[in-house]
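J.: Contents of coords.cif (mmCIF, C-alpha atoms) are below:
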```
data_run
#
loop_
_atom_site.label_atom_id
_atom_site.label_comp_id
_atom_site.auth_asym_id
_atom_site.auth_seq_id
_atom_site.Cartn_x
_atom_site.Cartn_y
_atom_site.Cartn_z
CA MET F 211 0.00 0.00 0.00
CA GLU F 212 1.18 3.54 -0.59
CA ALA F 213 1.42 6.32 1.94
CA SER F 214 -0.49 9.53 1.35
CA GLU F 215 1.46 12.65 0.51
CA ASP F 216 0.57 16.28 0.05
CA SER F 217 0.27 17.90 -3.38
CA LYS F 218 3.92 18.87 -3.55
CA THR F 219 5.21 15.35 -3.05
CA GLU F 220 5.55 12.00 -4.72
CA SER F 221 4.34 8.65 -3.42
CA ALA F 222 5.89 7.62 -0.12
CA ALA F 223 6.02 4.04 -1.34
CA GLY F 224 8.98 4.90 -3.50
CA THR F 225 7.48 5.37 -6.98
CA GLY F 226 9.57 8.51 -7.45
CA THR F 227 12.89 9.89 -6.29
CA ALA F 228 13.51 12.32 -3.47
CA ALA F 229 14.23 15.91 -4.48
CA GLY F 230 17.42 17.65 -3.42
CA THR F 231 20.58 16.31 -1.87
CA ASP F 232 20.63 13.55 0.73
CA ALA F 233 21.00 15.21 4.10
CA ARG F 234 23.05 12.38 5.60
CA THR F 235 26.78 11.87 5.15
CA ARG F 236 28.95 9.12 6.50
CA THR F 237 31.75 10.04 8.84
CA GLY F 238 34.14 7.98 10.87
CA THR F 239 31.68 7.97 13.77
CA GLY F 240 28.51 7.15 11.85
CA THR F 241 25.68 9.24 10.42
CA ARG F 242 26.07 13.04 10.69
CA THR F 243 22.89 15.04 10.34
CA TRP F 244 22.09 18.53 9.14
CA ALA F 245 21.04 19.38 12.70
CA GLU F 246 24.66 18.75 13.74
CA GLY F 247 26.01 21.18 11.17
CA GLN F 248 25.31 19.66 7.77
CA ALA F 249 24.93 22.25 5.02
CA THR F 250 21.88 20.68 3.39
CA PRO F 251 18.72 20.09 5.48
CA PRO F 252 16.40 17.12 4.90
CA LYS F 253 14.26 17.37 1.77
CA ARG F 254 11.91 14.44 2.26
CA VAL F 255 10.09 13.78 5.52
CA LEU F 256 7.90 10.76 6.36
CA ILE F 257 5.35 11.13 9.18
CA ALA F 258 4.69 7.67 10.63
CA ALA F 259 2.95 8.29 13.94
CA ASP F 260 0.27 6.45 15.91
CA LYS F 261 -2.81 8.11 17.41
CA PHE F 262 -2.77 10.37 20.45
CA LYS F 263 -5.33 8.32 22.35
CA GLY F 264 -8.31 10.35 23.49
CA SER F 265 -7.49 13.38 21.37
CA LEU F 266 -6.21 12.76 17.82
CA THR F 267 -6.36 9.86 15.37
CA ALA F 268 -3.17 8.86 13.59
CA VAL F 269 -4.48 10.56 10.44
CA GLU F 270 -5.15 13.77 12.36
CA VAL F 271 -1.68 13.63 13.91
CA ALA F 272 -0.15 13.47 10.42
CA GLU F 273 -2.30 16.39 9.22
CA ARG F 274 -1.37 18.60 12.18
CA VAL F 275 2.34 17.77 11.95
CA THR F 276 2.33 18.51 8.22
CA ALA F 277 0.72 21.92 8.80
CA GLY F 278 3.25 22.78 11.49
CA LEU F 279 6.21 21.69 9.41
CA ARG F 280 5.06 23.86 6.51
CA ARG F 281 4.79 26.88 8.76
CA GLY F 282 8.11 26.27 10.50
CA ALA F 283 10.25 25.36 7.51
CA PRO F 284 12.10 28.08 5.54
CA ARG F 285 10.19 29.64 2.62
CA GLY F 286 7.00 27.82 3.62
CA GLY F 287 8.62 24.45 3.04
CA GLU F 288 9.44 25.13 -0.61
CA GLY F 289 11.15 22.04 -2.03
CA LEU F 290 10.24 20.02 1.06
CA ARG F 291 8.35 16.79 0.47
CA ILE F 292 6.18 15.49 3.28
CA ALA F 293 4.63 12.02 3.16
CA ALA F 294 2.18 10.58 5.68
CA LEU F 295 1.82 6.94 6.65
CA PRO F 296 -0.34 6.68 9.79
CA VAL F 297 0.59 3.57 11.75
CA ALA F 298 -0.87 1.35 14.47
CA ASP F 299 0.37 -1.57 16.54
CA GLY F 300 -2.65 -3.85 16.35
CA GLY F 301 -4.79 -2.07 18.95
CA ASP F 302 -7.25 0.80 18.58
CA GLY F 303 -6.84 2.57 15.25
CA THR F 304 -5.46 -0.39 13.31
CA VAL F 305 -8.31 -0.45 10.80
CA ASP F 306 -8.12 3.33 10.36
CA ALA F 307 -4.40 3.07 9.60
CA ALA F 308 -5.03 0.38 6.99
CA VAL F 309 -7.76 2.47 5.36
CA ALA F 310 -5.45 5.50 5.27
CA ALA F 311 -2.92 3.33 3.45
CA GLY F 312 -5.41 2.38 0.74
CA PHE F 313 -7.45 -0.52 2.11
CA GLU F 314 -11.21 -0.45 1.62
CA ARG F 315 -13.28 0.12 4.75
CA ARG F 316 -16.03 -2.47 5.24
CA GLU F 317 -18.65 -2.60 8.00
CA ALA F 318 -20.69 -5.35 9.63
CA ARG F 319 -23.37 -5.44 12.30
CA VAL F 320 -22.10 -7.68 15.10
CA THR F 321 -22.65 -8.49 18.77
CA GLY F 322 -21.04 -6.00 21.15
CA PRO F 323 -19.29 -6.97 24.40
CA LEU F 324 -22.52 -6.60 26.41
CA GLY F 325 -24.64 -8.47 23.86
CA ALA F 326 -26.25 -5.48 22.14
CA PRO F 327 -25.58 -5.04 18.39
CA VAL F 328 -22.82 -2.66 17.30
CA THR F 329 -21.43 -1.58 13.93
CA ALA F 330 -17.83 -2.70 13.48
CA ALA F 331 -15.38 -2.01 10.67
CA TYR F 332 -12.61 -4.02 9.07
CA ALA F 333 -10.29 -3.22 6.17
CA LEU F 334 -9.90 -5.19 2.95
CA HIS F 335 -7.42 -5.12 0.07
CA GLY F 336 -7.72 -7.99 -2.38
CA THR F 337 -7.72 -11.14 -0.28
CA THR F 338 -6.02 -9.50 2.72
CA ALA F 339 -8.14 -8.22 5.60
CA VAL F 340 -7.20 -6.24 8.69
CA VAL F 341 -9.59 -7.06 11.52
CA GLU F 342 -9.45 -5.13 14.80
CA MET F 343 -11.09 -6.92 17.71
CA ALA F 344 -11.73 -3.64 19.54
CA GLU F 345 -14.09 -2.67 16.73
CA ALA F 346 -16.43 -5.41 17.93
CA SER F 347 -15.42 -6.18 21.51
CA GLY F 348 -13.59 -3.09 22.71
CA LEU F 349 -13.95 -0.89 25.77
CA ARG F 350 -15.22 1.82 23.43
CA HIS F 351 -18.55 -0.05 23.24
CA LEU F 352 -19.19 0.14 26.99
CA PRO F 353 -21.25 2.99 28.41
CA LYS F 354 -19.13 5.43 30.40
CA GLY F 355 -18.36 4.01 33.82
CA VAL F 356 -19.91 0.62 33.02
CA PHE F 357 -17.76 -2.52 33.05
CA ALA F 358 -18.58 -6.22 32.78
CA PRO F 359 -15.33 -8.04 33.57
CA LEU F 360 -16.99 -11.43 34.14
CA THR F 361 -19.58 -11.42 31.37
CA ALA F 362 -18.27 -9.31 28.46
CA THR F 363 -17.99 -11.45 25.32
CA THR F 364 -15.84 -11.62 22.19
CA TYR F 365 -18.67 -13.16 20.15
CA GLY F 366 -18.78 -10.09 17.90
CA SER F 367 -15.08 -10.46 17.09
CA GLY F 368 -15.84 -13.90 15.70
CA GLU F 369 -18.69 -12.45 13.66
CA LEU F 370 -16.35 -9.79 12.31
CA LEU F 371 -13.80 -12.42 11.30
CA ARG F 372 -16.58 -14.34 9.57
CA ALA F 373 -17.57 -11.19 7.67
CA ALA F 374 -13.99 -10.87 6.43
CA LEU F 375 -14.04 -14.50 5.30
CA ASP F 376 -17.35 -13.92 3.52
CA ALA F 377 -15.72 -10.98 1.70
CA GLY F 378 -13.03 -13.29 0.32
CA ALA F 379 -10.21 -12.71 2.80
CA ARG F 380 -7.68 -15.54 2.91
CA THR F 381 -5.01 -13.63 4.81
CA ILE F 382 -6.22 -11.98 8.00
CA VAL F 383 -4.21 -9.66 10.19
CA PHE F 384 -6.05 -9.89 13.50
CA GLY F 385 -5.16 -6.87 15.62
CA VAL F 386 -5.99 -7.35 19.29
CA GLY F 387 -6.01 -4.75 22.04
CA GLY F 388 -8.33 -2.34 23.78
CA SER F 389 -10.71 -5.15 24.73
CA ALA F 390 -13.56 -5.04 27.23
CA THR F 391 -13.37 -8.82 27.61
CA THR F 392 -11.56 -11.60 29.47
CA ASP F 393 -13.17 -14.70 27.98
CA GLY F 394 -10.13 -16.36 26.42
CA GLY F 395 -11.64 -15.96 22.98
CA ALA F 396 -14.44 -18.44 23.77
CA GLY F 397 -17.08 -16.05 22.43
CA MET F 398 -15.11 -15.51 19.22
CA LEU F 399 -14.73 -19.25 18.66
CA SER F 400 -18.43 -19.82 19.36
CA ALA F 401 -19.36 -17.34 16.63
CA LEU F 402 -17.13 -19.28 14.25
CA GLY F 403 -18.75 -22.65 15.01
CA ALA F 404 -17.16 -24.01 18.19
CA ARG F 405 -19.36 -25.36 21.00
CA PHE F 406 -18.76 -24.82 24.71
CA LEU F 407 -21.18 -26.77 26.89
CA ARG F 408 -22.08 -27.21 30.55
CA GLU F 409 -22.52 -30.58 32.21
CA ASP F 410 -26.24 -30.58 31.27
CA GLY F 411 -25.44 -29.99 27.58
CA THR F 412 -26.53 -26.35 27.50
CA PRO F 413 -24.21 -23.65 26.18
CA VAL F 414 -21.98 -21.88 28.68
CA ALA F 415 -23.09 -18.30 29.29
CA PRO F 416 -21.08 -15.47 27.69
CA GLY F 417 -17.97 -14.08 29.34
CA GLY F 418 -14.92 -15.31 31.18
CA GLY F 419 -16.57 -15.96 34.54
CA PRO F 420 -19.00 -18.65 33.29
CA LEU F 421 -16.09 -20.66 31.85
CA ARG F 422 -15.84 -22.16 35.34
CA ASP F 423 -18.95 -24.17 34.37
CA LEU F 424 -17.43 -25.51 31.14
CA ALA F 425 -17.67 -29.30 30.88
CA THR F 426 -16.93 -30.03 27.20
CA ALA F 427 -15.58 -28.15 24.22
CA ASP F 428 -15.95 -29.09 20.57
CA LEU F 429 -13.90 -27.28 17.91
CA SER F 430 -14.86 -29.60 15.06
CA GLY F 431 -17.55 -27.22 13.83
CA LEU F 432 -15.21 -24.29 13.27
CA ASP F 433 -15.63 -22.59 9.89
CA PRO F 434 -13.66 -24.78 7.43
CA ARG F 435 -12.40 -21.67 5.61
CA LEU F 436 -10.17 -20.97 8.61
CA ALA F 437 -8.00 -23.94 7.65
CA GLU F 438 -7.35 -22.29 4.28
CA THR F 439 -6.68 -18.87 5.76
CA GLU F 440 -3.40 -17.45 7.04
CA THR F 441 -4.22 -15.67 10.28
CA VAL F 442 -1.65 -13.44 11.96
CA LEU F 443 -2.20 -12.49 15.60
CA ALA F 444 -0.91 -8.92 15.82
CA SER F 445 -0.42 -7.62 19.34
CA ASP F 446 1.87 -5.35 21.31
CA VAL F 447 1.82 -7.63 24.37
CA ASP F 448 3.34 -11.08 24.85
CA ASN F 449 1.68 -12.13 28.11
CA PRO F 450 0.62 -15.74 28.72
CA LEU F 451 -3.04 -16.55 29.32
CA THR F 452 -3.00 -17.19 33.07
CA GLY F 453 -0.92 -16.57 36.18
CA PRO F 454 0.54 -13.38 37.68
CA LYS F 455 1.42 -12.04 34.23
CA GLY F 456 -1.74 -13.35 32.56
CA ALA F 457 -4.76 -11.72 31.01
CA ALA F 458 -6.84 -11.42 34.19
CA ALA F 459 -4.09 -10.35 36.58
CA VAL F 460 -2.45 -7.73 34.39
CA TYR F 461 -5.34 -6.32 32.36
CA GLY F 462 -8.47 -7.32 34.29
CA PRO F 463 -8.37 -4.26 36.59
CA GLN F 464 -8.43 -1.98 33.54
CA LYS F 465 -11.75 -3.59 32.64
CA GLY F 466 -13.33 -3.13 36.05
CA ALA F 467 -12.22 -6.40 37.66
CA GLY F 468 -11.72 -6.27 41.42
CA GLU F 469 -9.40 -8.57 43.33
CA ASP F 470 -12.01 -11.32 43.65
CA ASP F 471 -12.97 -10.95 39.97
CA VAL F 472 -9.34 -11.33 38.91
CA ALA F 473 -8.99 -14.53 40.93
CA ALA F 474 -12.26 -15.92 39.54
CA LEU F 475 -11.32 -15.09 35.96
CA ASP F 476 -7.85 -16.57 36.25
CA ALA F 477 -9.26 -19.80 37.70
CA ALA F 478 -11.96 -19.97 35.00
CA LEU F 479 -9.40 -19.46 32.23
CA ALA F 480 -7.15 -22.18 33.69
CA HIS F 481 -10.15 -24.54 33.74
CA TYR F 482 -10.94 -23.54 30.14
CA VAL F 483 -7.43 -24.60 29.10
CA ARG F 484 -7.78 -27.99 30.80
CA VAL F 485 -11.06 -28.68 29.02
CA LEU F 486 -9.62 -27.59 25.67
CA GLU F 487 -6.80 -30.14 26.05
CA HIS F 488 -9.33 -32.80 25.05
CA ALA F 489 -10.84 -30.69 22.25
CA VAL F 490 -7.44 -30.02 20.67
CA GLY F 491 -6.60 -33.71 20.81
CA ALA F 492 -3.34 -35.05 19.47
CA SER F 493 -2.26 -31.87 17.68
CA ALA F 494 1.38 -30.84 17.56
CA THR F 495 0.79 -28.20 20.24
CA SER F 496 -1.29 -28.78 23.37
CA ALA F 497 -3.75 -26.26 24.78
CA THR F 498 -1.46 -25.84 27.79
CA GLU F 499 1.44 -24.94 25.52
CA TYR F 500 -0.73 -22.47 23.63
CA ALA F 501 -1.74 -20.87 26.95
CA LEU F 502 1.91 -20.23 27.77
CA ALA F 503 2.79 -18.91 24.32
CA PRO F 504 3.60 -15.23 23.74
CA GLY F 505 0.44 -13.30 22.97
CA ALA F 506 -1.95 -15.85 24.51
CA GLY F 507 -3.00 -13.33 27.15
CA ALA F 508 -3.53 -10.48 24.69
CA ALA F 509 -6.92 -8.72 24.76
CA GLY F 510 -8.38 -10.74 27.60
CA GLY F 511 -7.05 -14.02 26.25
CA ILE F 512 -8.49 -13.73 22.75
CA GLY F 513 -4.91 -14.36 21.67
CA PHE F 514 -5.17 -17.86 23.15
CA GLY F 515 -8.41 -18.46 21.26
CA ALA F 516 -6.78 -17.36 18.02
CA LEU F 517 -3.74 -19.57 18.57
CA VAL F 518 -5.60 -22.71 19.62
CA GLY F 519 -8.68 -22.38 17.40
CA LEU F 520 -7.72 -20.33 14.35
CA GLY F 521 -4.19 -21.63 13.88
CA ALA F 522 -2.92 -18.08 14.12
CA ALA F 523 0.76 -17.17 14.24
CA PHE F 524 1.80 -14.49 16.73
CA ARG F 525 3.85 -11.50 15.60
CA PRO F 526 4.47 -8.13 17.27
CA GLY F 527 1.68 -5.89 16.05
CA ILE F 528 3.81 -3.01 14.85
CA GLU F 529 6.02 -5.33 12.76
CA VAL F 530 2.98 -6.81 11.06
CA MET F 531 1.35 -3.46 10.42
CA LEU F 532 4.50 -1.85 9.02
CA ASP F 533 4.67 -4.67 6.49
CA VAL F 534 0.97 -4.44 5.64
CA LEU F 535 1.08 -0.65 5.31
CA GLY F 536 4.11 -0.65 3.03
CA PHE F 537 6.52 1.07 5.41
CA PRO F 538 9.74 -0.37 3.90
CA ALA F 539 8.85 1.08 0.48
CA ALA F 540 7.80 4.38 2.06
CA LEU F 541 11.29 4.77 3.54
CA GLU F 542 12.89 4.89 0.11
CA GLY F 543 14.49 8.30 -0.39
CA THR F 544 13.38 9.55 3.03
CA ASP F 545 15.75 11.82 4.96
CA LEU F 546 13.84 12.18 8.22
CA VAL F 547 11.10 10.14 9.91
CA ILE F 548 8.72 11.67 12.45
CA THR F 549 6.95 9.16 14.67
CA GLY F 550 5.03 9.44 17.92
CA GLU F 551 2.03 8.59 20.09
CA GLY F 552 0.14 10.11 22.98
CA SER F 553 2.59 9.07 25.67
CA LEU F 554 6.23 8.16 25.16
CA ASP F 555 7.01 6.03 28.22
CA GLU F 556 8.41 2.67 29.25
CA GLN F 557 5.58 0.85 27.46
CA THR F 558 6.69 2.50 24.21
CA LEU F 559 9.92 0.53 24.37
CA HIS F 560 8.06 -2.79 24.47
CA GLY F 561 6.46 -3.17 21.07
CA LYS F 562 4.61 0.11 20.66
CA ALA F 563 4.44 1.83 17.28
CA PRO F 564 7.16 4.51 17.75
CA ALA F 565 9.74 1.92 18.81
CA GLY F 566 8.94 -0.26 15.80
CA VAL F 567 9.08 2.68 13.40
CA ALA F 568 12.38 3.85 14.87
CA ALA F 569 13.96 0.40 14.67
CA ALA F 570 13.00 -0.01 11.02
CA ALA F 571 14.21 3.47 10.09
CA ARG F 572 17.45 3.14 12.03
CA ALA F 573 18.22 -0.10 10.16
CA ARG F 574 18.19 2.02 6.99
CA GLY F 575 20.34 4.79 8.49
CA ILE F 576 17.48 7.30 8.61
CA GLU F 577 17.16 9.83 11.42
CA VAL F 578 14.03 9.61 13.61
CA VAL F 579 12.44 12.23 15.85
CA ALA F 580 9.20 11.93 17.77
CA VAL F 581 6.20 13.97 18.86
CA CYS F 582 4.01 13.05 21.82
CA GLY F 583 1.52 14.34 24.31
CA ARG F 584 3.75 13.68 27.27
CA LEU F 585 7.28 12.34 27.62
CA SER F 586 8.63 10.26 30.50
CA LEU F 587 11.66 8.69 28.83
CA ALA F 588 15.17 9.95 29.44
CA PRO F 589 17.28 11.01 26.43
CA ALA F 590 19.42 7.89 26.81
CA ALA F 591 16.36 5.62 26.58
CA LEU F 592 15.14 7.50 23.52
CA GLY F 593 18.56 7.18 21.93
CA ASN F 594 18.70 3.45 22.61
CA ALA F 595 15.33 3.14 20.87
CA GLY F 596 16.68 4.99 17.82
CA ILE F 597 14.85 8.27 18.48
CA ARG F 598 17.12 11.31 18.20
CA ARG F 599 14.82 13.77 20.00
CA ALA F 600 11.25 13.93 21.28
CA TYR F 601 8.93 16.92 21.43
CA ALA F 602 6.08 16.85 23.98
CA LEU F 603 2.92 18.92 23.94
CA THR F 604 3.30 19.36 27.70
CA ASP F 605 6.38 21.49 27.00
CA LEU F 606 3.93 24.08 25.65
CA GLU F 607 0.94 23.36 27.91
CA PRO F 608 1.69 21.67 31.25
CA ASP F 609 -1.97 21.20 32.20
CA PRO F 610 -2.92 17.66 31.04
CA SER F 611 -6.63 18.37 30.51
CA ARG F 612 -5.94 21.47 28.40
CA CYS F 613 -3.23 19.56 26.57
CA ILE F 614 -5.76 16.89 25.55
CA ALA F 615 -8.45 19.42 24.66
CA GLU F 616 -6.09 21.54 22.56
CA ALA F 617 -3.94 18.73 21.18
CA GLY F 618 -4.36 19.74 17.53
CA PRO F 619 -3.14 23.36 17.72
CA LEU F 620 -0.44 22.39 20.23
CA LEU F 621 0.83 19.68 17.90
CA GLU F 622 1.08 22.17 15.05
CA ARG F 623 3.14 24.50 17.23
CA THR F 624 5.30 21.57 18.30
CA ALA F 625 5.91 20.65 14.66
CA GLU F 626 6.97 24.24 13.98
CA ARG F 627 9.64 23.86 16.68
CA LEU F 628 10.75 20.58 15.17
CA ALA F 629 10.98 22.20 11.73
CA ALA F 630 13.18 24.98 13.09
CA ASP F 631 15.55 22.43 14.61
CA PHE F 632 15.69 19.89 11.81
CA LEU F 633 14.55 21.52 8.58
CA GLY F 634 16.38 24.82 8.88
#
```
Take the structure in the file and give it back as structure tokens.
T.:
Amino acid sequence: MEASEDSKTESAAGTGTAAGTDARTRTGTGTRTWAEGQATPPKRVLIAADKFKGSLTAVEVAERVTAGLRRGAPRGGEGLRIAALPVADGGDGTVDAAVAAGFERREARVTGPLGAPVTAAYALHGTTAVVEMAEASGLRHLPKGVFAPLTATTYGSGELLRAALDAGARTIVFGVGGSATTDGGAGMLSALGARFLREDGTPVAPGGGPLRDLATADLSGLDPRLAETETVLASDVDNPLTGPKGAAAVYGPQKGAGEDDVAALDAALAHYVRVLEHAVGASATSATEYALAPGAGAAGGIGFGALVGLGAAFRPGIEVMLDVLGFPAALEGTDLVITGEGSLDEQTLHGKAPAGVAAAARARGIEVVAVCGRLSLAPAALGNAGIRRAYALTDLEPDPSRCIAEAGPLLERTAERLAADFLG
């Protein structure tokens, strides 16, 4: 897919050549940049930032940064080429990023986490679909202040996957994050044909809590198209399903689970794994092994459901999405990459979008700077991640609530500062 670019630029996917002279020269100590005294500033900039959660989408971030760069660059940015490739790491905003890169947006009416119908989107390009579980089963679908840690279901995520299959998808990037659920993906698998029954033969109720009543599981009715489909589990977390680092213990409290709820969910998920041992049968990998695998605990354990039931392969979300969005091609001829997200903190260093963007750009010898709402990483940590400098909105507006409310104008002003430092 190609990145979008303003009217003065060529395609960010590398269909043209960058104007001007390359701003990087090799010295005995590595790459020397214009900001360190080079005579020629960068001529081609790629904006590859994630959303600022709660204030700006990734597309809006790119638009605001572009406007600020134009104002801050000499002569209104004459001769400067700015390309935009909004990115995501598999969580909220993944479908939007795919659509911005050229995928077609599709919608389906599915079951929300509380059982009421919701409209959910996925993205399609040829036979490749990007499906975001939060579109169907995310916290965004809960009324403000309302949580259902024991009963929220991923059934709608399964319906959304089925809609992608119906549309002809045979490669599915399944982005998981931002979930309202902790049901181990049981709801998702049920929507795709699996059966989870109580001792009396009736279906287990929705949610993670009722899995304690699970007596038998039957995966033989799963949609046969899944066997012909390559499914990639894209996530920015590598937690196992259960235990102190599992789905309930680590993420349950974010979904309204109290201490007793966490214990009940963890025990129910462990029981779920034991029952699934028989359903999986003599496969190469046991349900217990799947439960311990990286990503099994993602999005309330839907990662486990995808691994054990869909035959999914786990990959860090940002790596998958950079490939899908065409990031390697977009880097061709680029002199400077601007990445970012709402908060640059320790979590950023563990699979979040800016770290993935910086690693890929650094491997090509391209300088990376970042914009963010707030910054809590030391310069050394930024440098180790491949980010030369970070610009925070809180430098201009220390009040967090005003910073969120005025994120757009503040980001434009921040980009003007960046332009003065790096574009000359």
J.: What is the CA of Leu535 in chain F to CA of Ala311 in chain F distance in Å?
T.: 5.9 Å
J.: At a cut-off of 10 Å around the point (-13.0, -18.7, 20.1) (file coordinates), what residues fall inside when counting all atoms listed in the file? I'd like the answer as a PyMOL selection string.
T.: chain F and resi 364-365+367-368+393-406+429+432+511-520
J.: To verify the selection step, state as a list of chain:residue names which residues the PyMOL selection byres ((chain F and resi 472) around 10) yields on this input.
T.: F:Pro359, F:Leu360, F:Thr392, F:Gly419, F:Ala457, F:Ala458, F:Ala459, F:Val460, F:Tyr461, F:Gly462, F:Pro463, F:Gly466, F:Ala467, F:Gly468, F:Glu469, F:Asp470, F:Asp471, F:Ala473, F:Ala474, F:Leu475, F:Asp476, F:Ala477, F:Ala478
J.: Assuming the chain letters and numbering stay as they are in my file, what does the PyMOL selection byres ((chain F and resi 386) around 12) actually select? List them as a PyMOL selection string.
T.: chain F and resi 298-305+340-348+364+367+383-385+387-391+395+442-448+505-516+524-528
J.: Please save C-alpha atoms of the selected residues as a JSON list (two decimals), in the coordinates of the input.
T.:
```
[["chain", "number", "residue", "atom", "x", "y", "z"],
["F", 298, "ALA", "CA", -0.87, 1.35, 14.47],
["F", 299, "ASP", "CA", 0.37, -1.57, 16.54],
["F", 300, "GLY", "CA", -2.65, -3.85, 16.35],
["F", 301, "GLY", "CA", -4.79, -2.07, 18.95],
["F", 302, "ASP", "CA", -7.25, 0.80, 18.58],
["F", 303, "GLY", "CA", -6.84, 2.57, 15.25],
["F", 304, "THR", "CA", -5.46, -0.39, 13.31],
["F", 305, "VAL", "CA", -8.31, -0.45, 10.80],
["F", 340, "VAL", "CA", -7.20, -6.24, 8.69],
["F", 341, "VAL", "CA", -9.59, -7.06, 11.52],
["F", 342, "GLU", "CA", -9.45, -5.13, 14.80],
["F", 343, "MET", "CA", -11.09, -6.92, 17.71],
["F", 344, "ALA", "CA", -11.73, -3.64, 19.54],
["F", 345, "GLU", "CA", -14.09, -2.67, 16.73],
["F", 346, "ALA", "CA", -16.43, -5.41, 17.93],
["F", 347, "SER", "CA", -15.42, -6.18, 21.51],
["F", 348, "GLY", "CA", -13.59, -3.09, 22.71],
["F", 364, "THR", "CA", -15.84, -11.62, 22.19],
["F", 367, "SER", "CA", -15.08, -10.46, 17.09],
["F", 383, "VAL", "CA", -4.21, -9.66, 10.19],
["F", 384, "PHE", "CA", -6.05, -9.89, 13.50],
["F", 385, "GLY", "CA", -5.16, -6.87, 15.62],
["F", 387, "GLY", "CA", -6.01, -4.75, 22.04],
["F", 388, "GLY", "CA", -8.33, -2.34, 23.78],
["F", 389, "SER", "CA", -10.71, -5.15, 24.73],
["F", 390, "ALA", "CA", -13.56, -5.04, 27.23],
["F", 391, "THR", "CA", -13.37, -8.82, 27.61],
["F", 395, "GLY", "CA", -11.64, -15.96, 22.98],
["F", 442, "VAL", "CA", -1.65, -13.44, 11.96],
["F", 443, "LEU", "CA", -2.20, -12.49, 15.60],
["F", 444, "ALA", "CA", -0.91, -8.92, 15.82],
["F", 445, "SER", "CA", -0.42, -7.62, 19.34],
["F", 446, "ASP", "CA", 1.87, -5.35, 21.31],
["F", 447, "VAL", "CA", 1.82, -7.63, 24.37],
["F", 448, "ASP", "CA", 3.34, -11.08, 24.85],
["F", 505, "GLY", "CA", 0.44, -13.30, 22.97],
["F", 506, "ALA", "CA", -1.95, -15.85, 24.51],
["F", 507, "GLY", "CA", -3.00, -13.33, 27.15],
["F", 508, "ALA", "CA", -3.53, -10.48, 24.69],
["F", 509, "ALA", "CA", -6.92, -8.72, 24.76],
["F", 510, "GLY", "CA", -8.38, -10.74, 27.60],
["F", 511, "GLY", "CA", -7.05, -14.02, 26.25],
["F", 512, "ILE", "CA", -8.49, -13.73, 22.75],
["F", 513, "GLY", "CA", -4.91, -14.36, 21.67],
["F", 514, "PHE", "CA", -5.17, -17.86, 23.15],
["F", 515, "GLY", "CA", -8.41, -18.46, 21.26],
["F", 516, "ALA", "CA", -6.78, -17.36, 18.02],
["F", 524, "PHE", "CA", 1.80, -14.49, 16.73],
["F", 525, "ARG", "CA", 3.85, -11.50, 15.60],
["F", 526, "PRO", "CA", 4.47, -8.13, 17.27],
["F", 527, "GLY", "CA", 1.68, -5.89, 16.05],
["F", 528, "ILE", "CA", 3.81, -3.01, 14.85]]
```
J.: Please expand the PyMOL selection byres ((chain F and resi 255-262) around 8) into the concrete residues it hits in this file, giving the result as number ranges by chain.
T.: F: 222, 252-254, 263-272, 275, 290-298, 303, 540-541, 544-553, 563-564, 567, 582-583
J.: Nearest residue to Ala523 in chain F out of F:Ala339, F:Thr604, F:Thr439, F:Ala568, using all atoms listed in the file?
T.: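 Answer, going by the shortest atom-to-atom distance: F:Thr439.
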J.: Measuring atom to atom with only C-alpha atoms, identify which of F:Asp555, F:Arg372, F:Ala333, F:Ala571 is nearest to Gly543 in chain F.
T.: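 Of the candidates, the smallest distance to Gly543 in chain F is held by F:Ala571.
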J.: Calculate how many Å separate CA of Ala358 in chain F from CA of Gly418 in chain F, rounding to one decimal.
T.: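 Taking CA of Ala358 in chain F as the start and CA of Gly418 in chain F as the end point, the length is 9.9 Å.
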J.: Just how far from CA of Pro450 in chain F is CA of Leu502 in chain F, in Å to one decimal?
T.: 4.8 Å
J.: For each of F:His481, F:Arg380, F:Arg408, F:Arg422, take the minimum atom-to-atom distance to Ala437 in chain F, counting all atoms listed in the file, then give the residue where this is smallest.
T.: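 Of all the options, F:Arg380 lies closest to Ala437 in chain F.
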J.: Between F:Arg599, F:His335, F:Arg316, F:Arg572, single out the one closest to Leu585 in chain F, counting only C-alpha atoms.
T.: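 Answer, going by the shortest atom-to-atom distance: F:Arg599.
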J.: Any idea what's packed within 8 Å of Ala318 in chain F, counting only C-alpha atoms, ignoring anything in its chain fewer than 2 positions away? Could you give it as a PyMOL selection string?
T.: chain F and resi 316+320+329-331+370+373
